[in-house]
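Trainee: Below you will find the structure I want to go over with you.
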Amino acid sequence: MASNFSRHDIRRGLDALRWPLRWTWAGMLAEAIANALWPLMTIVLLVLAVLMLGLHELVAIEAVWIGAVVAAVAGIAALIYAFMRFRIPTGFAAMERLDASLPGRPIKALMDTQAIGATDDASTAVWRAHQQRMATRAAAAEAVPADLRIARRDPYAVRYVAAIAFAIALLFGSIFKVASVSDMTPGGQALAQGPVWEGWVESPRYTGRPTLYLNDIAEGPLQVPEGSLITLRMYGQVGALTLSETVSGRIDVPPASDSAQDFTVLQDGEIAINGPGGRAWNIEIIEDAAPVVSILEPPEAGTLGEMTLPFAAADDYGVEAGEARISLDLSAVTRRHGLTAAPEARPELIMPLPMPIVGTRTEFEENLIEDFSEHPWANLPVQVRLSVLDAAEQQTESDVHTMLLPGRRFFDPMAAAVIEQRRDLLWSRENSTRVSQILRAVSHRPDDVFRKQVTYLRLRKLVKRLETLVRLDQLDADTRDEIAEDLWGLAIELEEGDLADALDRMRRAQERLEQAMRDGASNAEIAELMQELRQATEDYMRQLAQQQSQENQQAGEDGQEQGGERMQLSQDDLQAMMDRIQELMEQGRMAEAEQALKEFQEMMENMRVTQGEGGEGQSEGQQAMEGLSESLREQQGLSDQAFRDLQEQFNPNAQAGESEGNRGRNGGQGEGQNHEGQGGQGDGEGEGQSGDQAQSGDQQGQGSLADRQQALREELRRQQGALPGAGTPEGDAARDALDRAGDAMDNAEQALRNDDMAGAIDNQAQAMEALREGLQSLGEALAQEQNQQQGQGQQQADRQGPSSDPLGRDQNGSGSSENAEGNIGDEDVYRRARDLLAEIRRRSAQGERPEQELDYLKRLLDRF
């Protein structure tokens with residue numbers, strides 16, 4: 001077959017390369033054009049971009065001329081460069097490139113002739129076989145693509161800059177602006193000197209409306225906001241264009257032919273530009289509506305006297321600020337006892353209204369939260385007026401709302417008497433003699449009304465000082481206020497007091513709750529008192545458990561229990577009973593709730609707490625759970641305080657009122673209280689805390705938020721060291737969650753030190769979420785451990801013999817009924833708790849539910 005390969009076959013193989021050669025030649029031509037003309041194309045694109053964007057209209061004519069000269073010189077240089085660089089490629093060069101792209105350069109092999117051995121048949125056969133293989137390779141040749149990369153000649157990518165500028169000009173410019181450059185030539189001066197004008201309408205900034213370009217607005221009606229600024233500029237011969245307008249109401253009107261006109265739209269009217277190319281508009285102003293504000297509901301008062309007044313405000317462009325003014329409604333005051341005297345003049349109370357930090361202010365609802373318990377008008381009739389201001393300085397007041405100014409309620413009779421006399425003293429100094437006499441009368445038998453002699457001595461000292469000042473006629477306003485402040489502190493001590501032991505605190509909480517139910521207190525107040533009872537009961541049970549542990553140790557090996565005649569009651573039963581009392585109160589069944597409370601009081605007098613492991617006090621796991629719960633409440637308090645500080649940053653005028661009103665609030669105000677879960681008493685004694693945590697809470701209250709956050713982080717680190725459940729999946733999960741909580745606390749501390757309140761609040765929220773997860777995992781770990789120790793606990797219960805709780809139910813070693821109906825395992829308890837919490841969150845996210853249901857779900861989430 002090789003012997004049959006001839007020159008005809010070679011020519012046929014070369015003919016098959018015709019189109020690949022042509023395309024290769026075309027690519028080489030494109031390369032030559034790109035390499036030679038890229039400077040010229042770059043200059044052309046840049047010049048077109050400048051002209052289409054109208055940049056030449058923004059500079060002086062001299063700068064335009066200089067730019068034109070530079071562009072012309074650069075263009076000529078680019079043309080010279082193109083002529084020097086451009087070469088038309090030859091067919092031979094295209095064949096060489098195509099041949100070089102093939103293995104073995106088959107095209108050149110086909111064009112070669114045999115140099116030696118032409119007379120030798122064998123050598124000729126080999127040569128033809130070689131040419132046949134080369135022809136096969138050449139037949140598979142494809143055109144070589146052009147290499148249009150010129151980065152080595154344009155290292156600064158100027159060509160890309162020109163291309164991007166031209167693309168921007170295509171999007172935002174106009175090709176018609178290129179022709180305007182002819183106006184700047186010497187022959188086009190006449191056209192540039194013709195009369196032209198420009199105008200803008202700038203709306204007030206608070207409206208958020210864009211600026212209008214009058215040249216783009218056709219004649220006819222035009223609506224603009226009231227107070228809009230109109231700017232007109234007229235060019236060309238003076239007097240060729242004139243302005244007439246009736247919208248500003250100006251008295252001193254400048255000449256109509258002035259080239260610069262600026263005025264504000266204050267009324268409906270007409271604007272007309274008279275002359276060649278003039279235009280006229282009928283202006284209709286969009287009036288700025290005055291803001292509105294109203295009180296939504298009567299104020300609610302907490303147990304500590306904190307007032308919550310819901311209100312709503314709205315404005316078409318947003319409310320800027322607002323305030324509440326409270327004045328005494330003297331005509332509605334019952335003028336008897338210490339109020340018969342003429343009251344001393346006092347300025348009305350003025351508090352800034354809270355504004356939304358995020359979101360719109362066009363329409364919103366907020367709560368005014370203040371504490372007026374120490375004000376002389378507390379629990380007296382007052383008139384409330386709310387006023388709001390918009391950006392246009394339009395102010396609107398709400399209707400006068402009459403109400404009793406909420407204040408703290410005192411349930412202790414002696415404390416209530418001291419507070420009443422304090423009010424009379426602040427009402428008028430004419431009552432000073434009467435106040436001292438009444439205080440002496442109500443305290444003439446101190447053993448019946450005072451728990452401590454030191455409290456009685458404090459009262460006698462205050463009375464004696466008041467009598468001395470009255471006798472010497474030295475009772476001025478400042479001294480009177482000092483005595484009133486001392487009387488307030490004395491009343492707080494009498495009400496909350498330094499009670500002798502946990503049992504007294506629990507009894508006082510029970511009495512206050514019973515008194516509140518009889519007086520028809522609000523649901524919020526009863527809920528707070530119920531929470532106080534729960535905490536006092538927990539303290540009592542804890543101390544009783546410690547006492548029982550000491551008694552068991554004294555009993556020795558005989559195994560006898562002191563006080564064995566007392567009833568046993570588990571913590572679960574106590575919680576169930578208190579839940580039942582709260583449920584009855586929420587349903588309005590006050591008689592049944594009061595009866596259940598009496599039964600609860602009787603049982604607590606004779607009970608002793610059952611302990612899970614032989615009555616030796618709280619287990620390690622229970623202490624860890626309680627410590628983490630305390631840390632969670634402390635973190636919640638810090639987050640509340642950080643949020644209030646953030647509000648004060650956005651509303652500095654509210655700082656004074658907030659700092660005064662925050663005394664005794666939740667959130668840890670440096671008063672020894674951290675959150676409502678810790679007592680919510682605000683008495684500075686930190687009764688809601690226990691042990692070292694109460695001490696650390698008091699120290700934290702003295703320092704900055706960052707220091708308190710750091711102290712809480714150290715406390716969490718200590719708790720992590722004593723965390724039970726190591727090695728179990730649940731225990732490891734709890735440790736991981738607490739590690740995340742610790743990292744979030746560190747970030748929150750750093751944000752607080754950098755005054756980044758918003759970032760601190762976010763990190764604190766992450767810390768609280770991680771603490772909740774840690775508590776849940778730790779609870780599951782303790783449940784697993786309890787199940788493993790159940791056999792041991794059962795044997796211990798058998799040795800102790802059967803016992804029953806106050807309800808007559810048999811109990812196992814853990815204090816819970818083995819055979820009670822509906823009793824479920826610990827694992828099911830936590831599973832059902834998680835399911836219930838998830839369901840509550842799902843329903844609270846459904847905005848179409850009734851408002852009352854959403855408020856109830858929110859309270860559940862806040863509590864648990």
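Identifiers in the structure tokens: chain A, B, ... in order shown; residue index from 1 per chain; ligand index from 1 in order shown.
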Select from segment 441-476 of chain A everything DSSP, run on the backbone, classes as alpha helix (DSSP H), then give the selection as a short mmCIF file (atom, residue, chain, number, x, y, z; two decimals) with N, CA, C and O atoms, in the first residue's frame.

Mentor:
```cif
data_model
loop_
_atom_site.label_atom_id
_atom_site.label_comp_id
_atom_site.auth_asym_id
_atom_site.auth_seq_id
_atom_site.Cartn_x
_atom_site.Cartn_y
_atom_site.Cartn_z
N ALA A 441 -47.82 57.41 119.15
CA ALA A 441 -48.99 56.66 119.61
C ALA A 441 -48.99 55.22 119.08
O ALA A 441 -49.27 54.27 119.83
N VAL A 442 -48.68 55.04 117.79
CA VAL A 442 -48.75 53.70 117.23
C VAL A 442 -47.59 52.82 117.68
O VAL A 442 -47.65 51.59 117.50
N PRO A 446 -44.02 48.65 121.75
CA PRO A 446 -43.11 48.16 120.70
C PRO A 446 -43.07 46.65 120.59
O PRO A 446 -42.85 46.11 119.52
N ASP A 447 -43.29 45.95 121.71
CA ASP A 447 -43.20 44.49 121.65
C ASP A 447 -44.28 43.89 120.76
O ASP A 447 -44.11 42.78 120.24
N ASP A 448 -45.39 44.62 120.57
CA ASP A 448 -46.48 44.07 119.78
C ASP A 448 -46.35 44.35 118.28
O ASP A 448 -46.96 43.65 117.47
N VAL A 449 -45.59 45.36 117.92
CA VAL A 449 -45.56 45.78 116.52
C VAL A 449 -44.18 45.72 115.89
O VAL A 449 -44.07 45.79 114.67
N GLN A 453 -35.83 45.28 118.31
CA GLN A 453 -35.76 46.48 119.13
C GLN A 453 -35.03 47.61 118.41
O GLN A 453 -35.36 48.79 118.57
N VAL A 454 -34.04 47.23 117.57
CA VAL A 454 -33.28 48.26 116.87
C VAL A 454 -34.18 49.03 115.90
O VAL A 454 -33.99 50.24 115.69
N THR A 455 -35.18 48.38 115.34
CA THR A 455 -36.11 49.08 114.45
C THR A 455 -36.94 50.09 115.24
O THR A 455 -37.17 51.22 114.78
N TYR A 456 -37.36 49.69 116.41
CA TYR A 456 -38.12 50.61 117.27
C TYR A 456 -37.26 51.82 117.67
O TYR A 456 -37.73 52.96 117.65
N LEU A 457 -35.99 51.56 117.99
CA LEU A 457 -35.11 52.66 118.38
C LEU A 457 -34.88 53.62 117.22
O LEU A 457 -34.77 54.84 117.40
N ARG A 458 -34.82 53.10 116.00
CA ARG A 458 -34.68 53.97 114.83
C ARG A 458 -35.87 54.89 114.70
O ARG A 458 -35.74 56.09 114.42
N LEU A 459 -37.07 54.35 114.91
CA LEU A 459 -38.27 55.17 114.80
C LEU A 459 -38.28 56.24 115.89
O LEU A 459 -38.61 57.42 115.62
N ARG A 460 -37.95 55.88 117.11
CA ARG A 460 -37.96 56.85 118.20
C ARG A 460 -36.94 57.96 117.95
O ARG A 460 -37.20 59.14 118.24
N LYS A 461 -35.81 57.60 117.35
CA LYS A 461 -34.80 58.61 117.04
C LYS A 461 -35.32 59.59 115.99
O LYS A 461 -35.11 60.80 116.11
N LEU A 462 -36.00 59.07 114.96
CA LEU A 462 -36.55 59.94 113.94
C LEU A 462 -37.63 60.85 114.52
O LEU A 462 -37.71 62.04 114.18
N VAL A 463 -38.48 60.31 115.38
CA VAL A 463 -39.55 61.12 115.99
C VAL A 463 -38.95 62.22 116.85
O VAL A 463 -39.38 63.39 116.80
N LYS A 464 -37.92 61.87 117.62
CA LYS A 464 -37.30 62.88 118.50
C LYS A 464 -36.64 63.98 117.67
O LYS A 464 -36.72 65.16 118.01
N ARG A 465 -36.00 63.59 116.56
CA ARG A 465 -35.38 64.60 115.70
C ARG A 465 -36.43 65.52 115.09
O ARG A 465 -36.24 66.74 115.03
N LEU A 466 -37.53 64.95 114.67
CA LEU A 466 -38.60 65.76 114.08
C LEU A 466 -39.16 66.72 115.12
O LEU A 466 -39.39 67.91 114.82
N GLU A 467 -39.39 66.25 116.31
CA GLU A 467 -39.93 67.12 117.36
C GLU A 467 -38.95 68.25 117.70
O GLU A 467 -39.37 69.40 117.91
N THR A 468 -37.65 67.94 117.72
CA THR A 468 -36.66 68.96 118.03
C THR A 468 -36.63 70.04 116.95
O THR A 468 -36.58 71.25 117.24
N LEU A 469 -36.67 69.62 115.69
CA LEU A 469 -36.65 70.60 114.60
C LEU A 469 -37.90 71.47 114.61
O LEU A 469 -37.83 72.67 114.33
N VAL A 470 -39.04 70.88 114.93
CA VAL A 470 -40.27 71.67 114.99
C VAL A 470 -40.20 72.67 116.14
O VAL A 470 -40.59 73.84 116.01
N ARG A 471 -39.67 72.22 117.27
CA ARG A 471 -39.59 73.10 118.43
C ARG A 471 -38.63 74.26 118.17
O ARG A 471 -38.89 75.40 118.61
#
```

Trainee: Residues within 8 Å of Ala272 of chain A, please, as a PDB file with N, CA and C atoms, in the first residue's frame. Count only C-alpha atoms; anything in the same chain fewer than 5 positions from it doesn't count.

Mentor:
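Saved file around.pdb follows:
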```pdb
ATOM      1  N   LEU A 243     -38.610  84.900  36.779  1.00  0.00           N
ATOM      2  CA  LEU A 243     -39.352  83.975  37.640  1.00  0.00           C
ATOM      3  C   LEU A 243     -40.542  84.688  38.261  1.00  0.00           C
ATOM      4  N   SER A 244     -41.660  83.985  38.305  1.00  0.00           N
ATOM      5  CA  SER A 244     -42.828  84.452  39.062  1.00  0.00           C
ATOM      6  C   SER A 244     -43.360  83.274  39.869  1.00  0.00           C
ATOM      7  N   GLU A 245     -43.616  83.513  41.182  1.00  0.00           N
ATOM      8  CA  GLU A 245     -44.093  82.431  42.050  1.00  0.00           C
ATOM      9  C   GLU A 245     -44.992  83.004  43.134  1.00  0.00           C
ATOM     10  N   GLY A 278     -39.179  78.423  28.748  1.00  0.00           N
ATOM     11  CA  GLY A 278     -39.716  78.483  30.104  1.00  0.00           C
ATOM     12  C   GLY A 278     -40.770  77.411  30.358  1.00  0.00           C
ATOM     13  N   ARG A 279     -41.190  77.343  31.619  1.00  0.00           N
ATOM     14  CA  ARG A 279     -42.141  76.308  32.020  1.00  0.00           C
ATOM     15  C   ARG A 279     -42.875  76.782  33.268  1.00  0.00           C
ATOM     16  N   ALA A 280     -44.075  76.228  33.525  1.00  0.00           N
ATOM     17  CA  ALA A 280     -44.882  76.631  34.685  1.00  0.00           C
ATOM     18  C   ALA A 280     -45.491  75.389  35.329  1.00  0.00           C
ATOM     19  N   TRP A 281     -45.637  75.446  36.691  1.00  0.00           N
ATOM     20  CA  TRP A 281     -46.220  74.324  37.444  1.00  0.00           C
ATOM     21  C   TRP A 281     -47.223  74.876  38.455  1.00  0.00           C
TER      22      TRP A 281
END
```

Trainee: Show which residues sit within 9 Å of Phe364 of chain A, as number ranges by chain. Count only C-alpha atoms, and ignore same-chain residues fewer than 5 positions away.

Mentor: A: 311-314, 355-356

Trainee: For the atom pair atom CA of Thr242 of chain A and atom CA of Ile273 of chain A, what is the interatomic distance in Å to one decimal place?

Mentor: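 Result for atom CA of Thr242 of chain A versus atom CA of Ile273 of chain A: 5.8 Å, one decimal.
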
Trainee: Taking 5 positions as the minimum chain separation for residues in the same chain, which residues sit within 8 Å of segment 370-383 of chain A when counting only C-alpha atoms? Answer as a compact mmCIF listing (two decimals) with C-alpha atoms, in the first residue's frame.

Mentor:
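So out02.txt came out as:
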```txt
# COMPACT_ATOMS: atom_id res chain seq x y z
CA LEU A 304 -42.95 47.03 94.37
CA GLY A 305 -44.99 49.92 92.99
CA GLU A 306 -43.53 50.08 89.52
CA MET A 307 -46.03 51.69 87.13
CA THR A 308 -46.51 50.39 83.58
CA ILE A 326 -48.29 64.22 85.80
CA SER A 327 -49.97 66.76 88.05
CA LEU A 328 -51.90 66.38 91.27
CA ASP A 329 -55.70 66.29 90.88
CA LEU A 330 -56.38 68.21 94.05
CA ALA A 332 -60.29 64.51 93.58
CA VAL A 333 -58.20 64.12 96.75
CA VAL A 400 -56.29 64.24 80.26
CA HIS A 401 -56.30 60.85 81.96
CA THR A 402 -57.19 60.72 85.64
CA MET A 403 -55.91 57.88 87.78
CA LEU A 404 -54.35 56.96 91.08
CA LEU A 405 -50.60 57.32 90.81
CA PRO A 406 -49.35 53.75 91.42
CA GLY A 407 -47.06 53.24 94.37
CA ARG A 408 -45.74 50.44 96.49
CA ARG A 423 -46.88 61.15 103.02
CA LEU A 426 -44.30 65.59 102.59
CA TRP A 427 -47.80 66.95 101.92
CA TRP A 488 -39.02 55.29 103.81
CA GLY A 657 -35.85 59.57 85.42
CA GLU A 658 -34.63 56.08 84.65
CA GLU A 660 -34.51 57.24 89.88
CA GLY A 661 -37.21 54.91 88.70
CA ASN A 662 -34.94 51.90 88.50
CA ARG A 663 -34.37 51.61 92.22
```

Trainee: Just list as a ChimeraX atom specification whatever in segment 163-409 of chain A DSSP marks as strand (DSSP E or B).

Mentor: /A:196-202,212-213,220-225,229-235,242-245,260-264,269-274,279-286,292-295,300-301,306-314,319-328,349-352,363-371,381-390,395-397,401-404

Trainee: Compare A:Ala324, A:Asp746, A:Leu102, A:Gln114 by their minimum atom-to-atom distance to Ala138 of chain A, counting only C-alpha atoms, and give me the closest one.

Mentor: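 Closest to Ala138 of chain A of all the choices is A:Leu102.
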
Trainee: What does the distance from atom CA of Ile116 of chain A to atom CA of Arg137 of chain A come to in Å, to one decimal?

Mentor: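 Distance reported for this atom pair: 24.0 Å.
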